[in-house]
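Q: File follows, upload_26.cif with mmCIF, C-alpha atoms and all ligand atoms:
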data_model
loop_
_atom_site.label_atom_id
_atom_site.label_comp_id
_atom_site.auth_asym_id
_atom_site.auth_seq_id
_atom_site.Cartn_x
_atom_site.Cartn_y
_atom_site.Cartn_z
CA MET P 945 -21.90 93.01 -54.84
CA SER P 946 -19.58 93.04 -51.84
CA LYS P 947 -19.41 96.31 -49.94
CA SER P 948 -15.91 95.80 -48.62
CA ILE P 949 -12.81 93.80 -49.42
CA GLU P 950 -9.59 92.97 -47.66
CA ILE P 951 -6.37 92.63 -49.59
CA ILE P 952 -2.79 91.90 -48.64
CA GLN P 953 -0.91 95.16 -48.06
CA PRO P 954 0.26 96.47 -51.47
CA ASP P 955 3.68 97.64 -52.63
CA ASP P 956 4.17 100.60 -54.95
CA TRP P 957 6.90 99.74 -57.43
CA HIS P 958 7.28 103.31 -58.75
CA VAL P 959 6.98 106.51 -56.67
CA HIS P 960 8.66 109.93 -56.81
CA PHE P 961 9.37 111.18 -53.30
CA ARG P 962 11.50 114.18 -54.42
CA GLU P 963 13.39 115.92 -51.58
CA GLY P 964 12.99 118.31 -48.62
CA ASP P 965 9.47 119.18 -47.43
CA MET P 966 7.97 117.50 -50.50
CA LEU P 967 9.66 114.24 -49.50
CA GLU P 968 8.12 114.44 -46.03
CA MET P 969 4.67 115.05 -47.45
CA VAL P 970 4.82 112.29 -50.06
CA THR P 971 6.31 109.75 -47.67
CA ASN P 972 3.33 110.07 -45.38
CA PHE P 973 0.87 109.46 -48.19
CA SER P 974 2.73 106.56 -49.80
CA SER P 975 3.63 104.76 -46.58
CA ARG P 976 0.04 105.00 -45.33
CA ILE P 977 -0.83 102.15 -47.70
CA ASN P 978 2.29 100.47 -49.05
CA LYS P 979 4.88 98.28 -47.38
CA ARG P 980 7.57 98.69 -50.02
CA CYS P 981 8.04 101.65 -52.33
CA VAL P 982 10.53 101.95 -55.15
CA ALA P 983 11.78 105.52 -54.72
CA MET P 984 12.77 106.95 -58.07
CA PRO P 985 16.35 108.22 -58.22
CA ASN P 986 15.74 111.24 -60.49
CA THR P 987 16.11 113.65 -57.58
CA GLU P 988 17.64 117.08 -58.25
CA ILE P 989 21.02 115.51 -57.65
CA PRO P 990 20.42 112.05 -59.15
CA ILE P 991 21.21 108.98 -57.04
CA THR P 992 24.25 107.65 -58.83
CA ASP P 993 26.32 106.04 -56.07
CA THR P 994 25.95 103.92 -52.94
CA ASN P 995 26.50 106.82 -50.52
CA LYS P 996 23.67 108.82 -52.05
CA ALA P 997 21.40 105.78 -52.08
CA SER P 998 22.06 104.97 -48.41
CA SER P 999 21.45 108.51 -47.22
CA TYR P 1000 18.30 108.86 -49.34
CA LYS P 1001 16.95 105.65 -47.86
CA GLU P 1002 17.61 106.94 -44.33
CA LEU P 1003 15.85 110.24 -45.10
CA LEU P 1004 12.80 108.38 -46.37
CA LYS P 1005 12.65 106.06 -43.39
CA LYS P 1006 12.96 108.98 -40.97
CA ALA P 1007 10.15 110.87 -42.69
CA SER P 1008 7.53 108.23 -41.97
CA ASP P 1009 5.94 106.99 -38.76
CA ASN P 1010 4.82 103.87 -40.59
CA ILE P 1011 6.83 100.74 -41.12
CA PHE P 1012 7.81 100.89 -44.74
CA GLU P 1013 10.72 99.87 -46.88
CA PRO P 1014 12.08 102.29 -49.47
CA LEU P 1015 13.96 100.62 -52.32
CA ILE P 1016 16.38 102.79 -54.32
CA PRO P 1017 17.47 101.97 -57.87
CA CYS P 1018 20.73 103.43 -59.12
CA TYR P 1019 20.30 106.18 -61.71
CA LEU P 1020 22.16 104.85 -64.73
CA ASN P 1021 24.54 106.94 -66.71
CA GLU P 1022 27.75 106.22 -68.51
CA ASN P 1023 29.95 107.92 -65.89
CA LEU P 1024 29.05 105.73 -62.90
CA ASP P 1025 31.89 104.19 -60.91
CA LEU P 1026 31.81 100.56 -62.03
CA GLU P 1027 33.10 99.08 -58.75
CA ASP P 1028 30.74 101.15 -56.62
CA PHE P 1029 27.88 100.08 -58.88
CA ARG P 1030 28.85 96.40 -58.60
CA THR P 1031 29.12 96.60 -54.79
CA GLY P 1032 25.81 98.43 -54.54
CA ILE P 1033 24.05 95.80 -56.62
CA GLN P 1034 25.70 92.84 -54.87
CA ASN P 1035 24.98 94.20 -51.38
CA LYS P 1036 21.48 95.31 -52.33
CA VAL P 1037 22.15 98.93 -51.44
CA PHE P 1038 20.59 99.52 -54.85
CA PHE P 1039 17.33 97.97 -55.88
CA GLY P 1040 18.52 97.30 -59.40
CA SER P 1041 19.00 100.24 -61.68
CA LYS P 1042 16.89 102.78 -63.53
CA LEU P 1043 17.36 103.75 -67.15
CA TYR P 1044 16.19 107.22 -68.12
CA PRO P 1045 16.78 108.11 -71.74
CA SER P 1046 18.19 111.64 -71.60
CA ASN P 1047 15.54 114.37 -71.47
CA ALA P 1048 12.57 112.00 -71.38
CA THR P 1049 11.17 113.39 -68.11
CA THR P 1050 11.84 115.39 -64.91
CA ASN P 1051 15.56 115.61 -64.03
CA SER P 1052 16.58 113.21 -66.79
CA SER P 1053 19.19 115.46 -68.36
CA HIS P 1054 21.81 113.22 -66.70
CA GLY P 1055 20.31 110.16 -68.35
CA VAL P 1056 21.51 107.91 -71.13
CA SER P 1057 21.87 109.08 -74.72
CA ASP P 1058 23.84 106.13 -76.11
CA ILE P 1059 22.65 102.75 -74.82
CA SER P 1060 25.89 100.97 -75.78
CA LYS P 1061 27.79 103.07 -73.22
CA ILE P 1062 25.90 101.47 -70.33
CA PHE P 1063 26.27 97.84 -71.46
CA LYS P 1064 28.99 97.23 -68.83
CA PHE P 1065 26.43 98.05 -66.10
CA LEU P 1066 23.73 95.91 -67.69
CA GLU P 1067 26.19 92.99 -67.69
CA ILE P 1068 26.45 93.28 -63.91
CA LEU P 1069 22.66 93.48 -63.50
CA GLU P 1070 22.18 90.39 -65.63
CA ALA P 1071 24.85 88.41 -63.78
CA GLU P 1072 23.45 89.39 -60.37
CA LYS P 1073 19.81 88.81 -61.40
CA SER P 1074 19.12 92.41 -60.41
CA PRO P 1075 16.32 94.29 -62.20
CA LEU P 1076 16.61 96.98 -64.84
CA LEU P 1077 13.74 99.47 -64.54
CA ILE P 1078 13.10 101.46 -67.68
CA HIS P 1079 11.42 104.72 -68.58
CA GLY P 1080 10.70 103.46 -72.08
CA GLU P 1081 10.59 106.49 -74.33
CA LYS P 1082 12.88 107.45 -77.19
CA VAL P 1083 13.18 111.20 -77.45
CA ALA P 1084 14.17 112.79 -80.75
CA ASN P 1085 13.08 115.81 -82.76
CA ASP P 1086 11.52 113.66 -85.47
CA ILE P 1087 9.59 111.37 -83.11
CA ASP P 1088 6.04 112.34 -82.21
CA ILE P 1089 5.42 112.59 -78.45
CA PHE P 1090 2.74 109.85 -78.74
CA ASP P 1091 5.14 107.44 -80.51
CA ARG P 1092 8.04 107.61 -78.09
CA GLU P 1093 7.23 104.31 -76.37
CA LYS P 1094 6.93 102.38 -79.62
CA TYR P 1095 10.23 103.78 -80.93
CA PHE P 1096 11.96 102.95 -77.67
CA ILE P 1097 10.74 99.36 -77.82
CA ASP P 1098 11.71 98.89 -81.46
CA ASP P 1099 15.06 100.69 -81.43
CA GLU P 1100 16.46 100.40 -77.90
CA LEU P 1101 14.63 97.78 -75.85
CA SER P 1102 14.89 95.11 -78.53
CA LEU P 1103 18.62 95.73 -78.68
CA ILE P 1104 19.01 95.49 -74.87
CA ARG P 1105 17.02 92.25 -74.79
CA LYS P 1106 18.99 90.72 -77.61
CA LYS P 1107 22.31 91.54 -75.97
CA PHE P 1108 21.16 90.58 -72.43
CA PRO P 1109 18.50 87.89 -72.84
CA PHE P 1110 18.46 86.94 -69.13
CA LEU P 1111 18.29 90.49 -67.78
CA LYS P 1112 15.12 91.06 -65.71
CA ILE P 1113 13.44 94.11 -67.17
CA THR P 1114 10.51 96.19 -65.96
CA LEU P 1115 8.98 98.48 -68.55
CA GLU P 1116 7.53 101.08 -66.25
CA HIS P 1117 4.28 102.98 -66.64
CA VAL P 1118 3.35 101.13 -69.84
CA SER P 1119 1.19 103.56 -71.81
CA THR P 1120 0.34 101.84 -75.10
CA ALA P 1121 -1.33 98.69 -76.41
CA TYR P 1122 1.92 98.17 -78.31
CA GLY P 1123 3.85 98.07 -75.03
CA VAL P 1124 1.34 95.71 -73.40
CA ASN P 1125 1.62 93.27 -76.30
CA TYR P 1126 5.41 93.46 -76.35
CA ILE P 1127 5.52 92.48 -72.67
CA LYS P 1128 3.03 89.64 -73.13
CA GLU P 1129 4.96 88.20 -76.06
CA ASN P 1130 8.49 88.32 -74.63
CA GLU P 1131 10.44 86.62 -71.85
CA ASN P 1132 12.04 88.28 -68.83
CA ILE P 1133 10.05 91.48 -69.13
CA VAL P 1134 7.15 92.73 -67.00
CA GLY P 1135 5.30 96.03 -66.75
CA THR P 1136 3.87 98.43 -64.20
CA ILE P 1137 0.64 100.30 -64.91
CA THR P 1138 -0.44 103.60 -63.33
CA PRO P 1139 -4.01 104.53 -62.41
CA HIS P 1140 -3.91 107.63 -64.62
CA HIS P 1141 -3.02 105.69 -67.78
CA MET P 1142 -6.19 103.67 -67.15
CA LEU P 1143 -8.37 106.74 -66.50
CA LEU P 1144 -7.27 109.44 -68.96
CA THR P 1145 -6.83 109.76 -72.71
CA LYS P 1146 -5.16 112.51 -74.66
CA LYS P 1147 -8.44 114.45 -74.85
CA ASP P 1148 -8.08 115.02 -71.11
CA VAL P 1149 -4.69 116.68 -71.60
CA PHE P 1150 -4.66 118.53 -74.90
CA LEU P 1151 -7.35 121.17 -75.06
CA ASP P 1152 -8.03 123.58 -77.95
CA ASP P 1153 -5.19 125.99 -77.36
CA SER P 1154 -3.72 124.90 -74.05
CA ILE P 1155 -3.08 121.80 -71.97
CA ASN P 1156 -4.41 120.63 -68.62
CA PRO P 1157 -1.11 120.54 -66.70
CA HIS P 1158 -2.62 118.34 -63.97
CA HIS P 1159 -3.14 115.57 -66.51
CA PHE P 1160 0.22 116.09 -68.20
CA CYS P 1161 2.76 113.37 -67.47
CA MET P 1162 5.50 111.37 -69.17
CA PRO P 1163 4.78 109.10 -70.89
CA VAL P 1164 1.81 111.17 -71.95
CA VAL P 1165 -1.58 109.40 -71.84
CA LYS P 1166 -2.68 108.00 -75.19
CA ASN P 1167 -5.80 106.82 -77.04
CA GLU P 1168 -8.89 105.01 -75.80
CA SER P 1169 -7.72 101.81 -77.51
CA ASP P 1170 -4.52 101.97 -75.43
CA LEU P 1171 -6.47 102.61 -72.23
CA ILE P 1172 -8.63 99.54 -72.90
CA GLU P 1173 -5.59 97.29 -73.42
CA LEU P 1174 -3.97 98.63 -70.25
CA ARG P 1175 -7.16 97.92 -68.28
CA ASN P 1176 -7.33 94.40 -69.67
CA ALA P 1177 -3.69 93.75 -68.84
CA ALA P 1178 -4.04 94.99 -65.26
CA CYS P 1179 -7.45 93.60 -64.39
CA HIS P 1180 -7.59 90.21 -65.97
CA ASN P 1181 -5.11 88.23 -64.01
CA ASN P 1182 -2.01 88.56 -66.09
CA SER P 1183 0.95 87.86 -63.85
CA LYS P 1184 3.27 90.08 -65.94
CA PHE P 1185 1.71 93.38 -64.78
CA PHE P 1186 1.58 95.05 -61.38
CA LEU P 1187 1.10 98.24 -59.42
CA GLY P 1188 3.37 101.23 -59.95
CA THR P 1189 1.64 104.57 -59.46
CA ASP P 1190 4.34 106.85 -60.87
CA SER P 1191 2.93 109.40 -58.46
CA ALA P 1192 5.07 112.41 -59.35
CA PRO P 1193 4.32 115.66 -57.50
CA HIS P 1194 5.36 119.16 -58.47
CA PRO P 1195 4.47 122.36 -56.59
CA ILE P 1196 1.35 123.83 -58.14
CA HIS P 1197 3.16 126.99 -59.36
CA LEU P 1198 5.26 124.85 -61.74
CA LYS P 1199 2.12 123.51 -63.44
CA LYS P 1200 1.55 125.73 -66.48
CA PRO P 1201 -1.20 125.36 -69.10
CA ASP P 1202 1.34 124.76 -71.88
CA MET P 1203 4.16 122.38 -72.75
CA SER P 1204 6.59 124.19 -70.44
CA SER P 1205 4.70 122.61 -67.54
CA LYS P 1206 6.52 120.12 -65.33
CA PRO P 1207 5.15 116.67 -66.22
CA GLY P 1208 3.83 114.44 -63.45
CA ILE P 1209 0.57 113.46 -61.77
CA PHE P 1210 0.27 113.31 -57.98
CA SER P 1211 -1.93 110.32 -57.17
CA SER P 1212 -0.53 109.13 -53.81
CA PRO P 1213 -3.51 110.43 -51.77
CA CYS P 1214 -5.96 108.19 -53.66
CA SER P 1215 -4.05 105.75 -55.86
CA ILE P 1216 -5.13 102.49 -54.20
CA GLU P 1217 -8.73 103.71 -54.20
CA LEU P 1218 -8.51 104.52 -57.92
CA TYR P 1219 -7.09 101.09 -58.71
CA ALA P 1220 -10.03 99.59 -56.77
CA GLU P 1221 -12.45 101.75 -58.74
CA ILE P 1222 -10.95 100.65 -62.08
CA PHE P 1223 -10.94 96.96 -61.15
CA ASP P 1224 -14.56 97.28 -59.96
CA GLN P 1225 -15.58 98.94 -63.24
CA GLU P 1226 -13.95 96.02 -65.08
CA ASN P 1227 -15.80 93.46 -62.88
CA ALA P 1228 -12.42 92.31 -61.64
CA ILE P 1229 -12.26 93.46 -58.01
CA HIS P 1230 -11.32 89.86 -57.13
CA ASN P 1231 -8.06 90.42 -59.07
CA LEU P 1232 -7.11 93.65 -57.27
CA GLU P 1233 -4.97 91.83 -54.71
CA ILE P 1234 -2.92 89.87 -57.22
CA PHE P 1235 -2.09 93.05 -59.16
CA CYS P 1236 -1.41 95.26 -56.13
CA SER P 1237 0.18 92.89 -53.65
CA ILE P 1238 1.39 89.65 -55.25
CA ASN P 1239 2.66 89.90 -58.84
CA GLY P 1240 5.34 92.51 -58.07
CA ALA P 1241 6.63 90.82 -54.91
CA LYS P 1242 6.84 87.50 -56.75
CA HIS P 1243 8.66 89.03 -59.69
CA TYR P 1244 11.25 90.70 -57.46
CA ASN P 1245 11.58 87.69 -55.10
CA PHE P 1246 10.26 89.42 -52.00
CA PRO P 1247 8.02 87.75 -49.41
CA ILE P 1248 4.33 88.54 -49.69
CA ASN P 1249 3.38 91.12 -47.02
CA ASP P 1250 1.79 89.92 -43.74
CA ARG P 1251 -0.65 92.76 -43.07
CA LYS P 1252 -3.98 93.30 -44.77
CA ILE P 1253 -5.77 96.50 -45.66
CA LYS P 1254 -9.52 96.93 -45.94
CA LEU P 1255 -11.35 98.94 -48.60
CA GLU P 1256 -15.02 99.83 -48.39
CA LYS P 1257 -17.30 100.77 -51.21
CA LYS P 1258 -18.46 104.25 -50.19
CA GLU P 1259 -18.44 107.59 -51.95
CA TRP P 1260 -16.05 110.36 -51.05
CA ILE P 1261 -14.67 113.43 -52.79
CA MET P 1262 -10.94 113.84 -53.38
CA SER P 1263 -9.75 117.20 -52.03
CA ASP P 1264 -8.32 119.81 -54.38
CA LEU P 1265 -4.84 120.19 -52.94
CA SER P 1266 -2.35 118.52 -50.67
CA SER P 1267 -0.59 121.09 -48.50
CA TYR P 1268 2.39 120.74 -46.21
CA LYS P 1269 4.49 123.59 -44.81
CA ASP P 1270 4.94 125.95 -47.81
CA ILE P 1271 4.12 123.33 -50.43
CA GLN P 1272 0.89 122.95 -52.34
CA VAL P 1273 0.34 120.16 -54.84
CA LYS P 1274 -2.74 119.58 -56.98
CA ASN P 1275 -4.20 116.15 -56.26
CA PHE P 1276 -5.04 113.81 -59.11
CA TYR P 1277 -8.81 113.32 -59.28
CA ALA P 1278 -9.28 116.60 -57.39
CA ASN P 1279 -12.92 117.39 -56.55
CA LYS P 1280 -14.12 114.16 -58.12
CA LYS P 1281 -16.13 111.38 -56.59
CA ILE P 1282 -14.34 108.12 -55.78
CA ASN P 1283 -16.34 105.03 -54.84
CA TRP P 1284 -13.79 103.12 -52.76
CA LYS P 1285 -11.97 104.12 -49.59
CA VAL P 1286 -9.31 102.49 -47.45
CA VAL P 1287 -10.72 102.18 -43.96
CA ASN P 1288 -7.75 100.80 -42.04
ZN ZN P 1301 8.25 108.10 -62.91
#
Please express what this file holds, its structure, as structure tokens.
Ligand SMILES: [Zn+2]
A:
Amino acid sequence: MSKSIEIIQPDDWHVHFREGDMLEMVTNFSSRINKRCVAMPNTEIPITDTNKASSYKELLKKASDNIFEPLIPCYLNENLDLEDFRTGIQNKVFFGSKLYPSNATTNSSHGVSDISKIFKFLEILEAEKSPLLIHGEKVANDIDIFDREKYFIDDELSLIRKKFPFLKITLEHVSTAYGVNYIKENENIVGTITPHHMLLTKKDVFLDDSINPHHFCMPVVKNESDLIELRNAACHNNSKFFLGTDSAPHPIHLKKPDMSSKPGIFSSPCSIELYAEIFDQENAIHNLEIFCSINGAKHYNFPINDRKIKLEKKEWIMSDLSSYKDIQVKNFYANKKINWKVVN
């Protein structure tokens, strides 16, 4: 077995940079590896217009010494200024647009509760061939937390696809076998897959009378059968799936051992190494590059990156915390052994 591999520099098509000191910390981790990063717009004040998107992009660029390209989707809600949205999409100030169903995850209270009210924005995206990124969960009192993705696909996504058949859709952080199959079977829809949805199942989150808040994220991780389908979709050369870490940090004091905990897993310090580990376990290390560095760029019509990165097969232990100024964040895979490491 090879002891090292080189791959084209990856892009991360789903990262949460947050704001302030947290933004500075996360930017350094994510830009150490990736050329492009899609910076999620669910900041405390969501990114809903071109001015906010431009200044957020500048902040991100300033925070990194590395050459990297932040891409900012517009946070969709029914009150957006239509002309500002159109201009932002046409001039590529926005990298498409992000649909958060209201209350599905962190800072999504400004999200969408009635899909039909955002159709006018989806029309623009479809006409401009600009992508719609989706947090695909339907939230309702009578829907089990584990079934949210399925209900979203059946009730909302099918409707969007029927009304806008040429709209380019990314179902982000696919978490179920049902979602994987839906993407495989339908046109104009692709998916991103996180490392944690390929490493954890619900037993790692829900304990006897508490939860492990460091494994708690939205969409919540599911069953082993889902994990297996996600691994197959990522590792076995399916061009419809690509890298999106959904690395989503919260300060450690907001991580509580119950459902009041802030959801999100911070994987930026080791995400490319974990993807390598998963692909190696699946005897598919030769497909790591296509998943991490080619499929996404092709889908979004970007050039493939010039630089290469090198990973070596050697053991190391992920540290417990990432600290920066007054911030402490629990690392995903803390204190565990990882078998791959980026060496340049
Ligand atoms: Zn996310």
Q: Identify which of the residues P:Asn1047, P:Thr1031, P:Ser1215, P:Ser999 lies closest to Met1262 in chain P, counting only C-alpha atoms when measuring atom-to-atom distances.
A: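 With only C-alpha atoms as the atom set, the closest residue is P:Ser1215.
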Q: Would you pick out the contacts of range 1062-1064 of chain P at 9 Å or less, using all atoms listed in the file, so that residues sharing its chain but fewer than 4 positions from it are not included, and give the list as a list in words?
A: Leu1020, Asn1021, Glu1022, Asn1023, Leu1026, Val1056, Asp1058, Ile1068, Ile1104, Lys1107 and Phe1108 of chain P
Q: Which is closest to ligand ZN 1301 (chain P) among P:Pro1247, P:Pro1157, P:Pro990, P:Pro985, if we use all atoms listed in the file?
A: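 Among the listed residues, P:Pro985 lies closest to ligand ZN 1301 (chain P).
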Q: Please determine, counting only C-alpha atoms and all ligand atoms, which residue among P:Gly1055, P:Gly1188, P:Pro1109, P:Gly964 has the shortest atom-to-atom distance to ligand ZN 1301 (chain P).
A: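 Closest residue, counting only C-alpha atoms and all ligand atoms: P:Gly1188.
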Q: How big is the axis-aligned box around all listed atoms of range 985-1000 of chain P once 6 Å goes on each side, and where's its centre, in Å to one decimal, as lines of an AutoDock Vina configuration file?
A:
center_x = 21.1
center_y = 110.5
center_z = -53.9
size_x = 22.8
size_y = 25.2
size_z = 25.3
Q: Counting all atoms listed in the file, which residues of chain P fall within 10 Å of ligand ZN 1301 (chain P), and what is the closest atom pair for each with its distance in Å at one decimal, ordered by chain and rising number, as JSON lines?
A:
{"residue": "P:His958", "atom": "CA", "partner": "P:ZN1301", "partner_atom": "ZN", "distance": 6.4}
{"residue": "P:Val959", "atom": "CA", "partner": "P:ZN1301", "partner_atom": "ZN", "distance": 6.6}
{"residue": "P:His960", "atom": "CA", "partner": "P:ZN1301", "partner_atom": "ZN", "distance": 6.4}
{"residue": "P:Ala983", "atom": "CA", "partner": "P:ZN1301", "partner_atom": "ZN", "distance": 9.3}
{"residue": "P:Met984", "atom": "CA", "partner": "P:ZN1301", "partner_atom": "ZN", "distance": 6.7}
{"residue": "P:Pro985", "atom": "CA", "partner": "P:ZN1301", "partner_atom": "ZN", "distance": 9.4}
{"residue": "P:Asn986", "atom": "CA", "partner": "P:ZN1301", "partner_atom": "ZN", "distance": 8.5}
{"residue": "P:Tyr1044", "atom": "CA", "partner": "P:ZN1301", "partner_atom": "ZN", "distance": 9.5}
{"residue": "P:Thr1049", "atom": "CA", "partner": "P:ZN1301", "partner_atom": "ZN", "distance": 8.0}
{"residue": "P:Thr1050", "atom": "CA", "partner": "P:ZN1301", "partner_atom": "ZN", "distance": 8.4}
{"residue": "P:Ile1078", "atom": "CA", "partner": "P:ZN1301", "partner_atom": "ZN", "distance": 9.5}
{"residue": "P:His1079", "atom": "CA", "partner": "P:ZN1301", "partner_atom": "ZN", "distance": 7.3}
{"residue": "P:Glu1116", "atom": "CA", "partner": "P:ZN1301", "partner_atom": "ZN", "distance": 7.8}
{"residue": "P:His1117", "atom": "CA", "partner": "P:ZN1301", "partner_atom": "ZN", "distance": 7.5}
{"residue": "P:Thr1138", "atom": "CA", "partner": "P:ZN1301", "partner_atom": "ZN", "distance": 9.8}
{"residue": "P:Cys1161", "atom": "CA", "partner": "P:ZN1301", "partner_atom": "ZN", "distance": 8.9}
{"residue": "P:Met1162", "atom": "CA", "partner": "P:ZN1301", "partner_atom": "ZN", "distance": 7.6}
{"residue": "P:Pro1163", "atom": "CA", "partner": "P:ZN1301", "partner_atom": "ZN", "distance": 8.8}
{"residue": "P:Gly1188", "atom": "CA", "partner": "P:ZN1301", "partner_atom": "ZN", "distance": 8.9}
{"residue": "P:Thr1189", "atom": "CA", "partner": "P:ZN1301", "partner_atom": "ZN", "distance": 8.2}
{"residue": "P:Asp1190", "atom": "CA", "partner": "P:ZN1301", "partner_atom": "ZN", "distance": 4.6}
{"residue": "P:Ser1191", "atom": "CA", "partner": "P:ZN1301", "partner_atom": "ZN", "distance": 7.1}
{"residue": "P:Ala1192", "atom": "CA", "partner": "P:ZN1301", "partner_atom": "ZN", "distance": 6.4}
{"residue": "P:Pro1207", "atom": "CA", "partner": "P:ZN1301", "partner_atom": "ZN", "distance": 9.7}
{"residue": "P:Gly1208", "atom": "CA", "partner": "P:ZN1301", "partner_atom": "ZN", "distance": 7.7}
{"residue": "P:Ile1209", "atom": "CA", "partner": "P:ZN1301", "partner_atom": "ZN", "distance": 9.4}
Q: Contacts of Ile951 in chain P at 7 Å or less, counting only C-alpha atoms, minus same-chain residues fewer than 3 places along, as a list of chain:residue names?
A: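 Selected residues are P:Glu1233, P:Lys1252, P:Ile1253, P:Lys1254.
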Q: Between CA of Lys996 in chain P and CA of Leu1111 in chain P, what is the distance, to one decimal in Å?
A: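 Between these atoms lies a distance of 24.7 Å.
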Q: Kindly indicate which residue among P:Asn1249, P:Ser1266, P:Asn1181, P:Ser975 lies nearest to Asp1009 in chain P, using only C-alpha atoms for the distances.
A: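 Distance minimum relative to Asp1009 in chain P lands on P:Ser975.
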Q: Looking at all atoms listed in the file, which of P:Ile1234, P:Leu1077, P:Val1164, P:Leu1218 is the one that sits closest to Ser1183 in chain P?
A: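 Among the listed residues, P:Ile1234 lies closest to Ser1183 in chain P.
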Q: Leaving out Asp1152 in chain P and any residue of its chain fewer than 5 positions from it, which residues lie within 12 Å of it when counting all atoms listed in the file, given as a ChimeraX atom specification?
A: /P:1146-1147,1201-1202
Q: Skipping near chain neighbours, those fewer than 5 positions away, what residues fall within 9 Å of Ile1172 in chain P using all atoms listed in the file, listed as a PDB file with C-alpha atoms, keeping the file's coordinate frame?
A:
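Below is the file that was written, out_0.pdb:
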ATOM      1  CA  ALA P1121      -1.330  98.690 -76.410  1.00  0.00           C
ATOM      2  CA  MET P1142      -6.190 103.670 -67.150  1.00  0.00           C
ATOM      3  CA  ASN P1167      -5.800 106.820 -77.040  1.00  0.00           C
ATOM      4  CA  ALA P1177      -3.690  93.750 -68.840  1.00  0.00           C
TER       5      ALA P1177
END
Q: Quick check, in Å to one decimal: how far apart do CA of Ser1205 in chain P and CA of Asp1098 in chain P lie?
A: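 Interatomic distance here is 28.4 Å.
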Q: Can you work out which one of P:Phe1065, P:Met966, P:Glu1072, P:Thr992 has the shortest atom-to-atom distance to Lys1269 in chain P, counting only C-alpha atoms?
A: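 Among the listed residues, the smallest separation from Lys1269 in chain P belongs to P:Met966.
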